[in-house]
$ cat my_file.cif   # mmCIF, C-alpha atoms
data_entry
loop_
_atom_site.group_PDB
_atom_site.id
_atom_site.type_symbol
_atom_site.label_atom_id
_atom_site.label_comp_id
_atom_site.auth_asym_id
_atom_site.auth_seq_id
_atom_site.Cartn_x
_atom_site.Cartn_y
_atom_site.Cartn_z
ATOM 1 C CA ASP D 888 49.628 -50.170 -35.461
ATOM 2 C CA VAL D 889 49.307 -53.882 -34.673
ATOM 3 C CA ALA D 890 52.562 -54.513 -36.531
ATOM 4 C CA GLY D 891 54.337 -52.533 -33.815
ATOM 5 C CA ASP D 892 55.351 -49.563 -35.975
ATOM 6 C CA TYR D 893 55.343 -46.117 -34.357
ATOM 7 C CA HIS D 894 55.423 -42.880 -36.304
ATOM 8 C CA PRO D 895 55.508 -40.038 -33.758
ATOM 9 C CA TYR D 896 56.530 -37.418 -36.337
ATOM 10 C CA MET D 897 54.273 -37.471 -39.392
ATOM 11 C CA GLU D 898 54.904 -33.960 -40.671
ATOM 12 C CA GLN D 899 56.338 -34.788 -44.107
ATOM 13 C CA HIS D 900 53.037 -34.446 -45.966
ATOM 14 C CA VAL D 901 50.947 -32.554 -43.399
ATOM 15 C CA ILE D 902 50.384 -28.803 -43.337
ATOM 16 C CA LYS D 903 49.309 -26.942 -40.195
ATOM 17 C CA GLN D 904 47.442 -23.643 -40.397
ATOM 18 C CA ARG D 905 47.121 -21.528 -37.252
ATOM 19 C CA LEU D 906 43.622 -20.170 -36.597
ATOM 20 C CA ASP D 907 42.433 -17.543 -34.163
ATOM 21 C CA LYS D 908 39.457 -18.114 -31.874
ATOM 22 C CA PHE D 909 37.117 -16.926 -34.651
ATOM 23 C CA GLY D 910 38.487 -19.405 -37.204
ATOM 24 C CA ASN D 911 40.469 -16.839 -39.212
ATOM 25 C CA ARG D 912 43.899 -17.725 -40.566
ATOM 26 C CA ILE D 913 47.023 -16.508 -38.801
ATOM 27 C CA ARG D 914 49.994 -16.082 -41.115
ATOM 28 C CA THR D 915 50.831 -18.654 -43.753
ATOM 29 C CA PRO D 916 50.513 -22.428 -43.220
ATOM 30 C CA THR D 917 53.606 -24.410 -42.284
ATOM 31 C CA GLN D 918 54.583 -28.017 -41.961
ATOM 32 C CA ALA D 919 52.951 -29.672 -38.938
ATOM 33 C CA THR D 920 55.896 -29.290 -36.571
ATOM 34 C CA ALA D 921 56.005 -27.798 -33.100
ATOM 35 C CA ASN D 922 58.066 -24.794 -34.217
ATOM 36 C CA LYS D 923 59.497 -24.422 -37.707
ATOM 37 C CA ALA D 924 61.115 -21.009 -37.286
ATOM 38 C CA PRO D 925 64.907 -21.361 -37.552
ATOM 39 C CA MET D 926 67.393 -20.024 -35.050
ATOM 40 C CA PRO D 927 69.382 -16.885 -35.923
ATOM 41 C CA LYS D 928 72.332 -17.722 -38.166
ATOM 42 C CA LYS D 929 74.856 -16.210 -35.759
ATOM 43 C CA GLU D 930 74.754 -19.463 -33.739
ATOM 44 C CA LYS D 931 75.876 -22.262 -36.052
ATOM 45 C CA CYS D 932 75.024 -25.157 -33.739
ATOM 46 C CA PRO D 933 72.398 -24.339 -31.086
ATOM 47 C CA SER D 934 72.474 -26.570 -28.039
ATOM 48 C CA CYS D 935 70.065 -29.480 -27.519
ATOM 49 C CA PHE D 936 70.546 -29.050 -23.756
ATOM 50 C CA GLY D 937 71.981 -32.476 -23.132
ATOM 51 C CA ALA D 938 69.852 -34.373 -25.677
ATOM 52 C CA GLU D 939 72.423 -34.291 -28.486
ATOM 53 C CA SER D 940 72.976 -37.465 -30.452
ATOM 54 C CA PRO D 941 75.191 -38.519 -33.374
ATOM 55 C CA THR D 942 72.243 -38.124 -35.734
ATOM 56 C CA GLN D 943 71.196 -34.751 -34.277
ATOM 57 C CA PRO D 944 74.112 -32.823 -32.780
ATOM 58 C CA CYS D 945 72.365 -29.443 -33.103
ATOM 59 C CA CYS D 946 68.837 -28.198 -32.434
ATOM 60 C CA HIS D 947 68.063 -25.301 -34.770
ATOM 61 C CA THR D 948 64.311 -25.274 -34.144
ATOM 62 C CA CYS D 949 61.969 -26.004 -31.282
ATOM 63 C CA ASP D 950 60.804 -29.092 -33.137
ATOM 64 C CA ASP D 951 64.400 -30.361 -33.342
ATOM 65 C CA LEU D 952 64.733 -29.872 -29.597
ATOM 66 C CA LEU D 953 61.469 -31.625 -28.773
ATOM 67 C CA ARG D 954 62.357 -34.474 -31.115
ATOM 68 C CA ALA D 955 65.725 -34.927 -29.411
ATOM 69 C CA TYR D 956 64.091 -34.999 -25.993
ATOM 70 C CA GLY D 957 61.445 -37.426 -27.243
ATOM 71 C CA GLU D 958 64.057 -39.821 -28.606
ATOM 72 C CA ARG D 959 65.684 -39.921 -25.182
ATOM 73 C CA GLY D 960 62.336 -40.279 -23.414
ATOM 74 C CA TRP D 961 62.776 -37.072 -21.454
ATOM 75 C CA ALA D 962 59.938 -34.773 -20.397
ATOM 76 C CA SER D 963 59.891 -31.578 -22.438
ATOM 77 C CA ASP D 964 57.400 -29.406 -20.554
ATOM 78 C CA SER D 965 60.057 -27.314 -18.861
ATOM 79 C CA ILE D 966 62.512 -27.106 -21.751
ATOM 80 C CA LYS D 967 59.956 -25.808 -24.240
ATOM 81 C CA ASN D 968 59.163 -22.989 -21.815
ATOM 82 C CA GLU D 969 62.806 -22.046 -21.317
ATOM 83 C CA ALA D 970 64.790 -22.906 -24.461
ATOM 84 C CA PRO D 971 65.417 -19.931 -26.803
ATOM 85 C CA GLN D 972 64.383 -22.095 -29.775
ATOM 86 C CA CYS D 973 60.846 -22.240 -28.349
ATOM 87 C CA VAL D 974 60.162 -19.047 -26.403
ATOM 88 C CA ASP D 975 61.845 -16.209 -28.229
ATOM 89 C CA SER D 976 59.857 -13.506 -30.021
ATOM 90 C CA ARG D 977 60.187 -14.877 -33.577
ATOM 91 C CA PRO D 978 56.918 -15.232 -35.525
ATOM 92 C CA GLY D 979 55.666 -18.769 -35.106
ATOM 93 C CA SER D 980 57.442 -19.519 -31.825
ATOM 94 C CA LEU D 981 55.520 -20.916 -28.859
ATOM 95 C CA ARG D 982 55.511 -17.514 -27.167
ATOM 96 C CA ASP D 983 53.660 -16.128 -30.181
ATOM 97 C CA VAL D 984 50.721 -18.538 -29.665
ATOM 98 C CA LYS D 985 47.725 -16.843 -28.046
ATOM 99 C CA LYS D 986 45.046 -18.322 -25.819
ATOM 100 C CA GLY D 987 42.054 -19.697 -27.689
ATOM 101 C CA GLU D 988 43.935 -20.456 -30.896
ATOM 102 C CA GLY D 989 43.247 -23.540 -32.961
ATOM 103 C CA CYS D 990 44.747 -25.158 -36.014
ATOM 104 C CA ARG D 991 43.755 -26.795 -39.269
ATOM 105 C CA LEU D 992 45.599 -29.927 -40.383
ATOM 106 C CA ALA D 993 45.622 -30.923 -44.035
ATOM 107 C CA GLY D 994 47.635 -33.524 -45.911
ATOM 108 C CA TRP D 995 48.032 -37.256 -46.228
ATOM 109 C CA LEU D 996 49.701 -40.066 -44.310
ATOM 110 C CA GLU D 997 51.079 -43.381 -45.501
ATOM 111 C CA VAL D 998 50.365 -46.242 -43.092
ATOM 112 C CA ASN D 999 50.635 -50.014 -43.126
ATOM 113 C CA LYS D 1000 47.671 -52.066 -44.347
ATOM 114 C CA VAL D 1001 46.976 -53.382 -40.856
ATOM 115 C CA ALA D 1002 44.835 -52.222 -37.951
ATOM 116 C CA GLY D 1003 46.121 -49.138 -36.178
ATOM 117 C CA ASN D 1004 45.242 -45.575 -35.239
ATOM 118 C CA VAL D 1005 46.049 -42.004 -36.144
ATOM 119 C CA HIS D 1006 45.527 -39.387 -33.474
ATOM 120 C CA VAL D 1007 45.986 -35.769 -32.526
ATOM 121 C CA ALA D 1008 46.462 -35.614 -28.776
ATOM 122 C CA MET D 1009 47.926 -33.624 -25.927
ATOM 123 C CA GLY D 1010 51.585 -33.789 -24.994
ATOM 124 C CA GLU D 1011 54.877 -34.670 -26.640
ATOM 125 C CA SER D 1012 55.144 -38.128 -28.185
ATOM 126 C CA ALA D 1013 58.013 -40.465 -27.406
ATOM 127 C CA VAL D 1014 58.896 -44.150 -27.535
ATOM 128 C CA GLN D 1015 60.103 -45.634 -24.255
ATOM 129 C CA ASN D 1016 60.911 -49.311 -23.739
ATOM 130 C CA GLY D 1017 59.140 -50.188 -26.952
ATOM 131 C CA ARG D 1018 55.972 -48.349 -25.945
ATOM 132 C CA PHE D 1019 54.520 -45.229 -27.539
ATOM 133 C CA ILE D 1020 53.623 -42.626 -24.911
ATOM 134 C CA HIS D 1021 52.591 -38.981 -24.604
ATOM 135 C CA GLN D 1022 54.311 -36.807 -22.023
ATOM 136 C CA PHE D 1023 52.207 -34.035 -20.503
ATOM 137 C CA ASP D 1024 51.253 -32.448 -17.210
ATOM 138 C CA PRO D 1025 47.869 -33.931 -16.127
ATOM 139 C CA SER D 1026 47.031 -30.695 -14.318
ATOM 140 C CA HIS D 1027 46.921 -28.934 -17.704
ATOM 141 C CA ALA D 1028 44.673 -31.512 -19.369
ATOM 142 C CA HIS D 1029 41.439 -29.646 -18.639
ATOM 143 C CA ALA D 1030 42.594 -26.746 -20.840
ATOM 144 C CA PHE D 1031 43.131 -28.921 -23.931
ATOM 145 C CA ASN D 1032 40.114 -28.282 -26.155
ATOM 146 C CA VAL D 1033 39.308 -31.300 -28.343
ATOM 147 C CA SER D 1034 36.505 -29.647 -30.346
ATOM 148 C CA HIS D 1035 36.993 -30.345 -34.043
ATOM 149 C CA VAL D 1036 35.467 -30.300 -37.520
ATOM 150 C CA ILE D 1037 36.300 -32.973 -40.111
ATOM 151 C CA HIS D 1038 36.211 -31.368 -43.540
ATOM 152 C CA GLU D 1039 37.535 -34.357 -45.465
ATOM 153 C CA LEU D 1040 38.618 -37.865 -44.550
ATOM 154 C CA ARG D 1041 39.180 -40.688 -47.010
ATOM 155 C CA PHE D 1042 41.342 -43.747 -47.416
ATOM 156 C CA GLY D 1043 42.602 -44.000 -50.983
ATOM 157 C CA ASP D 1044 41.279 -42.470 -54.184
ATOM 158 C CA ARG D 1045 37.683 -41.330 -54.510
ATOM 159 C CA TYR D 1046 35.230 -42.226 -57.254
ATOM 160 C CA GLU D 1047 31.961 -40.581 -58.246
ATOM 161 C CA GLY D 1048 29.186 -41.313 -55.768
ATOM 162 C CA MET D 1049 31.539 -42.695 -53.109
ATOM 163 C CA ALA D 1050 30.215 -42.165 -49.576
ATOM 164 C CA ALA D 1051 32.369 -40.401 -46.977
ATOM 165 C CA PRO D 1052 30.305 -40.515 -43.756
ATOM 166 C CA LEU D 1053 32.749 -38.604 -41.555
ATOM 167 C CA GLU D 1054 33.101 -35.591 -43.806
ATOM 168 C CA GLY D 1055 31.394 -32.562 -42.338
ATOM 169 C CA ALA D 1056 31.277 -34.040 -38.827
ATOM 170 C CA ARG D 1057 31.361 -31.394 -36.084
ATOM 171 C CA ARG D 1058 32.110 -32.263 -32.466
ATOM 172 C CA TYR D 1059 32.324 -29.664 -29.710
ATOM 173 C CA VAL D 1060 33.007 -29.771 -25.987
ATOM 174 C CA THR D 1061 31.380 -27.352 -23.570
ATOM 175 C CA GLN D 1062 32.176 -26.129 -20.093
ATOM 176 C CA GLU D 1063 29.692 -28.671 -18.736
ATOM 177 C CA THR D 1064 31.239 -31.684 -20.477
ATOM 178 C CA GLY D 1065 34.831 -30.482 -20.377
ATOM 179 C CA THR D 1066 37.620 -31.992 -22.433
ATOM 180 C CA GLY D 1067 38.005 -35.688 -23.057
ATOM 181 C CA LEU D 1068 38.708 -38.394 -25.596
ATOM 182 C CA PHE D 1069 36.966 -38.608 -28.980
ATOM 183 C CA GLN D 1070 37.282 -42.014 -30.611
ATOM 184 C CA TYR D 1071 36.187 -42.938 -34.125
ATOM 185 C CA PHE D 1072 36.183 -46.685 -34.740
ATOM 186 C CA ILE D 1073 36.501 -47.011 -38.512
ATOM 187 C CA LYS D 1074 35.896 -50.224 -40.451
ATOM 188 C CA LEU D 1075 37.753 -50.150 -43.772
ATOM 189 C CA VAL D 1076 36.333 -52.124 -46.702
ATOM 190 C CA PRO D 1077 38.713 -52.658 -49.664
ATOM 191 C CA THR D 1078 36.851 -51.796 -52.843
ATOM 192 C CA ILE D 1079 37.466 -52.314 -56.553
ATOM 193 C CA TYR D 1080 35.559 -49.816 -58.679
ATOM 194 C CA LYS D 1081 34.930 -49.982 -62.425
ATOM 195 C CA LYS D 1082 33.325 -47.078 -64.249
ATOM 196 C CA HIS D 1083 32.083 -49.587 -66.838
ATOM 197 C CA PRO D 1084 32.633 -53.360 -67.292
ATOM 198 C CA SER D 1085 35.667 -52.920 -69.572
ATOM 199 C CA ALA D 1086 37.257 -50.029 -67.628
ATOM 200 C CA THR D 1087 40.524 -50.198 -65.716
ATOM 201 C CA PRO D 1088 39.716 -51.114 -62.094
ATOM 202 C CA LEU D 1089 40.359 -48.558 -59.368
ATOM 203 C CA SER D 1090 41.512 -49.956 -56.017
ATOM 204 C CA THR D 1091 40.344 -47.852 -53.088
ATOM 205 C CA VAL D 1092 38.816 -48.181 -49.618
ATOM 206 C CA ARG D 1093 35.336 -47.338 -48.363
ATOM 207 C CA TYR D 1094 34.550 -47.073 -44.669
ATOM 208 C CA SER D 1095 31.896 -46.958 -42.008
ATOM 209 C CA TYR D 1096 32.329 -45.864 -38.415
ATOM 210 C CA THR D 1097 31.031 -45.699 -34.877
ATOM 211 C CA GLN D 1098 32.082 -43.122 -32.322
ATOM 212 C CA ARG D 1099 32.501 -42.618 -28.606
ATOM 213 C CA PHE D 1100 33.317 -39.685 -26.347
ATOM 214 C CA ARG D 1101 34.820 -40.187 -22.903
ATOM 215 C CA PRO D 1102 34.932 -37.034 -20.761
ATOM 216 C CA LEU D 1103 37.975 -36.397 -18.642
ATOM 217 C CA LYS D 1104 35.617 -36.023 -15.694
ATOM 218 C CA ILE D 1105 32.501 -38.126 -15.364
ATOM 219 C CA ARG D 1106 30.548 -35.070 -14.223
ATOM 220 C CA ALA D 1107 31.458 -31.611 -13.005
ATOM 221 C CA PRO D 1108 31.387 -30.748 -9.298
ATOM 222 C CA SER D 1109 28.287 -28.906 -8.090
ATOM 223 C CA ASP D 1110 27.313 -26.831 -5.058
ATOM 224 C CA GLU D 1111 24.649 -29.322 -3.969
ATOM 225 C CA PRO D 1112 25.090 -31.049 -0.611
ATOM 226 C CA VAL D 1113 27.083 -34.270 -0.820
ATOM 227 C CA GLU D 1114 25.752 -37.305 1.007
ATOM 228 C CA ASP D 1115 28.070 -39.995 -0.317
ATOM 229 C CA HIS D 1116 31.546 -38.478 -0.349
ATOM 230 C CA HIS D 1117 33.187 -41.597 -1.790
ATOM 231 C CA HIS D 1118 30.797 -41.673 -4.745
ATOM 232 C CA HIS D 1119 31.144 -37.905 -5.237
ATOM 233 C CA ALA D 1120 34.938 -38.075 -5.318
ATOM 234 C CA LYS D 1121 34.852 -40.965 -7.774
ATOM 235 C CA ALA D 1122 32.356 -39.212 -10.038
ATOM 236 C CA THR D 1123 34.197 -35.870 -10.158
ATOM 237 C CA SER D 1124 37.818 -37.019 -10.197
ATOM 238 C CA PRO D 1125 39.726 -37.035 -13.510
ATOM 239 C CA THR D 1126 39.908 -40.360 -15.304
ATOM 240 C CA ALA D 1127 43.162 -41.815 -16.610
ATOM 241 C CA MET D 1128 43.016 -40.937 -20.290
ATOM 242 C CA LEU D 1129 44.778 -38.932 -22.957
ATOM 243 C CA PRO D 1130 42.689 -35.989 -24.254
ATOM 244 C CA GLY D 1131 42.608 -35.991 -28.028
ATOM 245 C CA VAL D 1132 40.947 -37.208 -31.214
ATOM 246 C CA PHE D 1133 41.667 -40.801 -32.209
ATOM 247 C CA PHE D 1134 40.873 -42.469 -35.543
ATOM 248 C CA VAL D 1135 41.068 -46.197 -34.803
ATOM 249 C CA TYR D 1136 40.872 -48.160 -38.046
ATOM 250 C CA ASP D 1137 40.634 -51.840 -38.880
ATOM 251 C CA PHE D 1138 40.268 -53.696 -42.174
ATOM 252 C CA SER D 1139 37.269 -55.801 -43.087
ATOM 253 C CA ALA D 1140 37.831 -59.410 -44.121
ATOM 254 C CA PHE D 1141 35.712 -58.864 -47.245
ATOM 255 C CA MET D 1142 36.343 -57.004 -50.481
ATOM 256 C CA VAL D 1143 33.618 -55.269 -52.482
ATOM 257 C CA GLU D 1144 33.605 -54.894 -56.271
ATOM 258 C CA VAL D 1145 31.506 -52.086 -57.723
ATOM 259 C CA THR D 1146 30.836 -52.061 -61.475
ATOM 260 C CA VAL D 1147 28.670 -49.416 -63.131
ATOM 261 C CA HIS D 1148 26.567 -50.688 -66.044
ATOM 262 C CA HIS D 1149 25.404 -47.953 -68.402
ATOM 263 C CA LYS D 1150 22.177 -48.520 -70.337
ATOM 264 C CA THR D 1151 22.434 -48.177 -74.129
ATOM 265 C CA VAL D 1152 20.008 -46.464 -76.509
ATOM 266 C CA SER D 1153 18.797 -49.817 -77.823
ATOM 267 C CA HIS D 1154 17.965 -50.870 -74.270
ATOM 268 C CA LEU D 1155 15.956 -47.652 -73.866
ATOM 269 C CA LEU D 1156 14.081 -48.275 -77.121
ATOM 270 C CA VAL D 1157 13.226 -51.828 -76.058
ATOM 271 C CA ARG D 1158 11.833 -50.558 -72.756
ATOM 272 C CA VAL D 1159 9.788 -47.849 -74.517
ATOM 273 C CA CYS D 1160 8.362 -50.409 -76.943
ATOM 274 C CA ALA D 1161 7.507 -52.692 -74.038
ATOM 275 C CA ILE D 1162 5.692 -49.879 -72.254
ATOM 276 C CA VAL D 1163 3.798 -48.854 -75.398
ATOM 277 C CA GLY D 1164 2.853 -52.484 -76.087
ATOM 278 C CA GLY D 1165 1.649 -52.959 -72.503
ATOM 279 C CA VAL D 1166 -0.460 -49.809 -72.618
ATOM 280 C CA SER D 1167 -1.924 -50.793 -76.004
ATOM 281 C CA THR D 1168 -2.818 -54.269 -74.758
ATOM 282 C CA THR D 1169 -4.427 -52.891 -71.606
ATOM 283 C CA VAL D 1170 -6.487 -50.332 -73.542
ATOM 284 C CA GLY D 1171 -7.618 -52.990 -76.011
ATOM 285 C CA PHE D 1172 -8.706 -55.258 -73.166
ATOM 286 C CA LEU D 1173 -10.653 -52.472 -71.463
ATOM 287 C CA ASP D 1174 -12.337 -51.566 -74.791
ATOM 288 C CA TRP D 1175 -13.381 -55.176 -75.304
ATOM 289 C CA LEU D 1176 -14.702 -55.384 -71.727
ATOM 290 C CA VAL D 1177 -16.811 -52.236 -72.102
ATOM 291 C CA ARG D 1178 -18.308 -53.441 -75.362
ATOM 292 C CA TYR D 1179 -19.073 -56.832 -73.871
ATOM 293 C CA LEU D 1180 -20.871 -55.276 -70.903
ATOM 294 C CA LYS D 1181 -22.922 -53.001 -73.182
ATOM 295 C CA GLN D 1182 -24.002 -55.928 -75.328
ATOM 296 C CA SER D 1183 -24.974 -57.911 -72.217
ATOM 297 C CA MET D 1184 -27.089 -55.030 -70.922
ATOM 298 C CA ILE D 1185 -28.876 -54.695 -74.286
ATOM 299 C CA ILE D 1186 -29.695 -58.389 -74.379
#
$ encode --input "my_file.cif" --output "structure tokens"
Amino acid sequence: DVAGDYHPYMEQHVIKQRLDKFGNRIRTPTQATANKAPMPKKEKCPSCFGAESPTQPCCHTCDDLLRAYGERGWASDSIKNEAPQCVDSRPGSLRDVKKGEGCRLAGWLEVNKVAGNVHVAMGESAVQNGRFIHQFDPSHAHAFNVSHVIHELRFGDRYEGMAAPLEGARRYVTQETGTGLFQYFIKLVPTIYKKHPSATPLSTVRYSYTQRFRPLKIRAPSDEPVEDHHHHAKATSPTAMLPGVFFVYDFSAFMVEVTVHHKTVSHLLVRVCAIVGGVSTTVGFLDWLVRYLKQSMII
């Protein structure tokens, strides 16, 4: 966020459910870590392959290993394909993941009340020289599918009738568009809600958003003859971006107070009497007008 805080591992309150290519669940959900399956107990302190530290002398899981490499700023592409913590045959290991699989993330995150972003993107996250980066092989970027469905997204508690414009949003990439970067620019509006004037106020946040999609390639290569090779190479070459889904949020300078006023029975009776009185007056006037016209015609 703008305060300079980085949180590369936000798995404490997030659950990840593996899905097959048809959207069916695979096994039971786990915490959102790279690999939660523990190492066999016969090895008390599995190696971190040179990334050991005083705070993490052993790497029991693939996630421990990737975390250790991320803290040192080392690339982890090769190690996660070779380390026994990541590629053995245990259920849930990286070798067990099949092509075309997806995942469902559910949970909540605690962030600072300043502008920032939350994202799900390709690569392993790390902090190097005070900068938050993702380490990945650019040649594999085209295979990272960023299609997604947002079932629920809110900031704070919900009250009855509260709008949630991003819920139910479905975004898909095709072979023509390819992968890319989805960005949701969210404007957060602090809100105080009261169910009735004397009720305890509820502090929450409403939001609105705009969106943008940037494809990894501006357009796909075609078999048509190329006249301007420079323009063709520029149009079909990959752009420098990180494939993923980014929720970029910022707070509004205004606060909204919503108070629900319920109408009482006496208020209803007053309105009914007013309607009946208006109808009676109108009917009386029309009756007088008809009689007056009849008398004028007789005269």
$ residues_around --input "my_file.cif" --residues "Lys1081 of chain D" --least-positions-apart "3" --cutoff "9 Å" --atoms "all atoms listed in the file" --output "PyMOL selection string"
chain D and resi 1084-1089+1144-1147
$ closest_residue --input "my_file.cif" --among "D:Ala938, D:Val1060, D:Val1143, D:Val1152" --to "Leu1075 of chain D" --atoms "only C-alpha atoms"
D:Val1143
$ atom_distance --input "my_file.cif" --atom1 "atom CA of Gln1062 of chain D" --atom2 "atom CA of Gly989 of chain D"
17.2 Å
$ closest_residue --input "my_file.cif" --among "D:Leu1155, D:Cys990, D:Cys932, D:Val1007" --to "Ile913 of chain D" --atoms "only C-alpha atoms"
D:Cys990
$ closest_residue --input "my_file.cif" --among "D:Leu1176, D:Cys935, D:Ile1073, D:Cys973" --to "Ala955 of chain D" --atoms "only C-alpha atoms"
D:Cys935
$ atom_distance --input "my_file.cif" --atom1 "atom CA of Gln972 of chain D" --atom2 "atom CA of Glu958 of chain D"
17.8 Å
$ residues_around --input "my_file.cif" --residues "Val1005 of chain D" --least-positions-apart "5" --cutoff "7 Å" --atoms "only C-alpha atoms" --output "short mmCIF file (atom, residue, chain, number, x, y, z; two decimals) with C-alpha atoms, in the coordinates of the input"
data_model
loop_
_atom_site.label_atom_id
_atom_site.label_comp_id
_atom_site.auth_asym_id
_atom_site.auth_seq_id
_atom_site.Cartn_x
_atom_site.Cartn_y
_atom_site.Cartn_z
CA PHE D 1133 41.67 -40.80 -32.21
CA PHE D 1134 40.87 -42.47 -35.54
CA VAL D 1135 41.07 -46.20 -34.80
#
$ resolve_selection --input "my_file.cif" --expression "the PyMOL selection byres ((chain D and resi 956) around 10)" --output "PyMOL selection string"
chain D and resi 935-939+950-955+957-963+966+1011-1013
$ atom_distance --input "my_file.cif" --atom1 "atom CA of Leu1129 of chain D" --atom2 "atom CA of Cys949 of chain D"
23.1 Å
$ residues_around --input "my_file.cif" --residues "Asn1032 of chain D" --least-positions-apart "5" --cutoff "12 Å" --atoms "only C-alpha atoms" --output "list in words"
Lys908, Lys986, Gly987, Glu988, Gly989, Cys990, Val1007, Ala1008, Met1009, His1027, Arg1058, Tyr1059, Val1060, Thr1061, Gln1062, Thr1064, Gly1065, Thr1066, Gly1067, Leu1068, Phe1069, Pro1102, Leu1103, Pro1130, Gly1131 and Val1132 of chain D
$ write_last_selection --input "my_file.cif" --atoms "C-alpha atoms" --output "mmCIF file, keeping the file's coordinate frame"
data_model
loop_
_atom_site.group_PDB
_atom_site.id
_atom_site.type_symbol
_atom_site.label_atom_id
_atom_site.label_comp_id
_atom_site.auth_asym_id
_atom_site.auth_seq_id
_atom_site.Cartn_x
_atom_site.Cartn_y
_atom_site.Cartn_z
ATOM 1 C CA LYS D 908 39.457 -18.114 -31.874
ATOM 2 C CA LYS D 986 45.046 -18.322 -25.819
ATOM 3 C CA GLY D 987 42.054 -19.697 -27.689
ATOM 4 C CA GLU D 988 43.935 -20.456 -30.896
ATOM 5 C CA GLY D 989 43.247 -23.540 -32.961
ATOM 6 C CA CYS D 990 44.747 -25.158 -36.014
ATOM 7 C CA VAL D 1007 45.986 -35.769 -32.526
ATOM 8 C CA ALA D 1008 46.462 -35.614 -28.776
ATOM 9 C CA MET D 1009 47.926 -33.624 -25.927
ATOM 10 C CA HIS D 1027 46.921 -28.934 -17.704
ATOM 11 C CA ARG D 1058 32.110 -32.263 -32.466
ATOM 12 C CA TYR D 1059 32.324 -29.664 -29.710
ATOM 13 C CA VAL D 1060 33.007 -29.771 -25.987
ATOM 14 C CA THR D 1061 31.380 -27.352 -23.570
ATOM 15 C CA GLN D 1062 32.176 -26.129 -20.093
ATOM 16 C CA THR D 1064 31.239 -31.684 -20.477
ATOM 17 C CA GLY D 1065 34.831 -30.482 -20.377
ATOM 18 C CA THR D 1066 37.620 -31.992 -22.433
ATOM 19 C CA GLY D 1067 38.005 -35.688 -23.057
ATOM 20 C CA LEU D 1068 38.708 -38.394 -25.596
ATOM 21 C CA PHE D 1069 36.966 -38.608 -28.980
ATOM 22 C CA PRO D 1102 34.932 -37.034 -20.761
ATOM 23 C CA LEU D 1103 37.975 -36.397 -18.642
ATOM 24 C CA PRO D 1130 42.689 -35.989 -24.254
ATOM 25 C CA GLY D 1131 42.608 -35.991 -28.028
ATOM 26 C CA VAL D 1132 40.947 -37.208 -31.214
#
$ axis_aligned_box --input "my_file.cif" --around "segment 1067-1076 of chain D" --padding-each-side "4 Å" --output "AutoDock Vina command-line options"
--center_x 37.3 --center_y -43.9 --center_z -34.9 --size_x 10.8 --size_y 24.4 --size_z 31.6
$ residues_near_point --input "my_file.cif" --point "(45.6, -43.1, -49.9)" --cutoff "8 Å" --atoms "only C-alpha atoms" --output "mmCIF file with C-alpha atoms, in the frame of the given file"
data_model
loop_
_atom_site.group_PDB
_atom_site.id
_atom_site.type_symbol
_atom_site.label_atom_id
_atom_site.label_comp_id
_atom_site.auth_asym_id
_atom_site.auth_seq_id
_atom_site.Cartn_x
_atom_site.Cartn_y
_atom_site.Cartn_z
ATOM 1 C CA TRP D 995 48.032 -37.256 -46.228
ATOM 2 C CA LEU D 996 49.701 -40.066 -44.310
ATOM 3 C CA GLU D 997 51.079 -43.381 -45.501
ATOM 4 C CA ARG D 1041 39.180 -40.688 -47.010
ATOM 5 C CA PHE D 1042 41.342 -43.747 -47.416
ATOM 6 C CA GLY D 1043 42.602 -44.000 -50.983
ATOM 7 C CA ASP D 1044 41.279 -42.470 -54.184
ATOM 8 C CA THR D 1091 40.344 -47.852 -53.088
#
$ residues_near_point --input "my_file.cif" --point "(36.6, -35.7, -37.2)" --cutoff "6 Å" --atoms "all atoms listed in the file" --output "list in words"
Val1036, Ile1037 and Ala1056 of chain D
$ closest_residue --input "my_file.cif" --among "D:Tyr893, D:Arg1045, D:Ala1051, D:Cys946" --to "His1006 of chain D" --atoms "all atoms listed in the file"
D:Tyr893
$ resolve_selection --input "my_file.cif" --expression "the PyMOL selection byres ((chain D and resi 1023) around 6)" --output "tab-separated table (two decimals) with C-alpha atoms, in the frame of the given file"
chain	number	residue	atom	x	y	z
D	1010	GLY	CA	51.58	-33.79	-24.99
D	1022	GLN	CA	54.31	-36.81	-22.02
D	1024	ASP	CA	51.25	-32.45	-17.21
$ residues_around --input "my_file.cif" --residues "Asp888 of chain D" --least-positions-apart "6" --cutoff "8 Å" --atoms "all atoms listed in the file" --output "list of chain:residue names"
D:Asn999, D:Val1001, D:Ala1002, D:Gly1003, D:Asn1004
$ closest_residue --input "my_file.cif" --among "D:Glu1047, D:Asp1174, D:Asp907, D:Glu1054" --to "Arg991 of chain D" --atoms "all atoms listed in the file"
D:Asp907
$ closest_residue --input "my_file.cif" --among "D:Leu906, D:Val1166, D:Ala1028, D:Cys945" --to "Lys985 of chain D" --atoms "only C-alpha atoms"
D:Leu906
